[in-house]
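Visitor: Got a structure here, written out as structure tokens. Questions coming.
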Amino acid sequence: MMLAENVVELTIASQLEFIDLVTTLTDNITSMVGFDEESAYWINMAVRESVANAVEHGNKYDTQKSVDIRFTIGVDALRVTVRDHGEGFDPATLPDPLDPNNLLNPAGRGILYMRTFMDGVDYERHPEGGMIVSMSKRRAPKQPIPDLSEGDHKHDAVGN
């Protein structure tokens, strides 16, 4: 039987104050689906960066514009999309933050973080305006718990 994907959507005004709400939701979702603490931390950082970029660079803090966040919980991966309603951008035009000439330039760091922390990051222009950042993180399959009730594996409380 194929399991359906679960979707959680949140729309916020273009205000940085709402990022804490998004990160709380991200923490709850990553915990619920079983990501380990370190992976959950990095996913949260990537989502935080993407939403901050949407508010600051995409919507330019225009509170009349929203940021749409969508979490899609699949069997093997978590996918997160963040959409702004700004003018859009071409990620290829951003300076490489790892270039020695740009080491002190903060531009492009958020995208570098997203690409580093997630398994996949894609950008596309929305047909009605704005940008969509799509990120994914694969989940490790749950390991079966070994059955220690049979054979030589039986031990008392102190391992005898």
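Scheme for the structure tokens: letters A, B, ... for chains in order shown; per-chain residue numbers from 1; ligand numbers from 1 in order shown.
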Identify, on the basis of only C-alpha atoms, every residue whose closest approach to Val22 of chain A does not exceed 10 Å; exclude the query and any residue fewer than 4 positions from it along the same chain; express the result as a ChimeraX atom specification.
Guide: /A:10-12,17-18,26-28,44,47-48,51,69
Visitor: Mind dumping the selected residues with C-alpha atoms as a compact mmCIF listing (two decimals), in the first residue's frame?
Guide:
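Contents of out_6.txt, freshly written:
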# COMPACT_ATOMS: atom_id res chain seq x y z
CA LEU A 10 1.92 28.23 6.46
CA THR A 11 1.62 31.75 5.08
CA ILE A 12 3.25 34.64 6.92
CA GLU A 17 9.26 38.44 13.60
CA PHE A 18 7.37 35.51 12.06
CA THR A 26 10.12 23.14 11.35
CA ASP A 27 11.40 21.73 14.66
CA ASN A 28 8.08 20.00 15.29
CA ASN A 44 15.92 24.38 10.49
CA VAL A 47 14.45 26.89 6.21
CA ARG A 48 15.26 29.94 8.37
CA VAL A 51 12.37 32.48 4.72
CA ILE A 69 5.98 27.85 3.26
Visitor: Within 9 Å of Ile73 of chain A, counting only C-alpha atoms, which residues qualify if same-chain residues fewer than 6 places away don't, as a CSV table (one decimal) with C-alpha atoms, in the first residue's frame?
Guide:
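Final output, result-v1.csv:
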chain,number,residue,atom,x,y,z
A,5,GLU,CA,2.3,12.4,1.5
A,6,ASN,CA,1.4,14.7,4.4
A,7,VAL,CA,1.4,18.5,3.7
A,8,VAL,CA,1.6,21.4,6.1
A,29,ILE,CA,7.9,18.5,11.8
A,33,VAL,CA,9.2,12.4,11.2
A,79,ARG,CA,10.5,18.7,1.0
A,80,VAL,CA,10.2,22.3,1.9
Visitor: Find the residues around Asp119 of chain A up to 8 Å (only C-alpha atoms counted), leave out those fewer than 3 positions away in its own chain, and share them as a ChimeraX atom specification.
Guide: /A:115-116,135-138
Visitor: Under the rule that only C-alpha atoms are counted, which of A:Lys65, A:Lys60, A:Arg139, A:Arg83 is the nearest residue to Glu124 of chain A?
Guide: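 Distance minimum relative to Glu124 of chain A lands on A:Arg83.
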Visitor: Would you mind listing what lies within 7 Å of Ile43 of chain A as a list in words, with only C-alpha atoms counted and same-chain residues fewer than 3 positions away left out?
Guide: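 Using only C-alpha atoms, the neighbours found are Ser39, Ala40, Ala46, Val47, Phe117 and Met118 of chain A.
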Visitor: For a quick check of understanding, using only C-alpha atoms, which of A:Ser134, A:Thr23, A:Ser50, A:Asn59 has the smallest distance to Glu87 of chain A?
Guide: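 For Glu87 of chain A, the nearest of the candidates is A:Asn59.
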Visitor: Could you check how far atom CA of Val55 of chain A sits from atom CA of Met114 of chain A, in Å to one decimal?
Guide: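 One can read the atom CA of Val55 of chain A to atom CA of Met114 of chain A distance as 15.9 Å.
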Visitor: Residues within 8 Å of Ala52 of chain A, please, as a list of chain:residue names. Count only C-alpha atoms; anything in the same chain fewer than 4 positions from it doesn't count.
Guide: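 Close residues of Ala52 of chain A: A:Leu16, A:Ile19, A:Arg48, A:Glu56.
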Visitor: If you measure from atom CA of Gly110 of chain A to atom CA of Val75 of chain A, what distance in Å do you get, rounded to one decimal?
Guide: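 Atom CA of Val75 of chain A lies 27.6 Å from atom CA of Gly110 of chain A.
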Visitor: Compile the contact shell of Phe89 of chain A as a PyMOL selection string: residues with an atom at most 10 Å away, counting only C-alpha atoms, same-chain residues fewer than 5 positions apart removed.
Guide: chain A and resi 57-58+94+123-125+130-131
Visitor: How would you write, as a PyMOL selection string, the set of residues in segment 25-90 of chain A that DSSP gives as alpha helix (DSSP H)?
Guide: chain A and resi 25-33+37-53
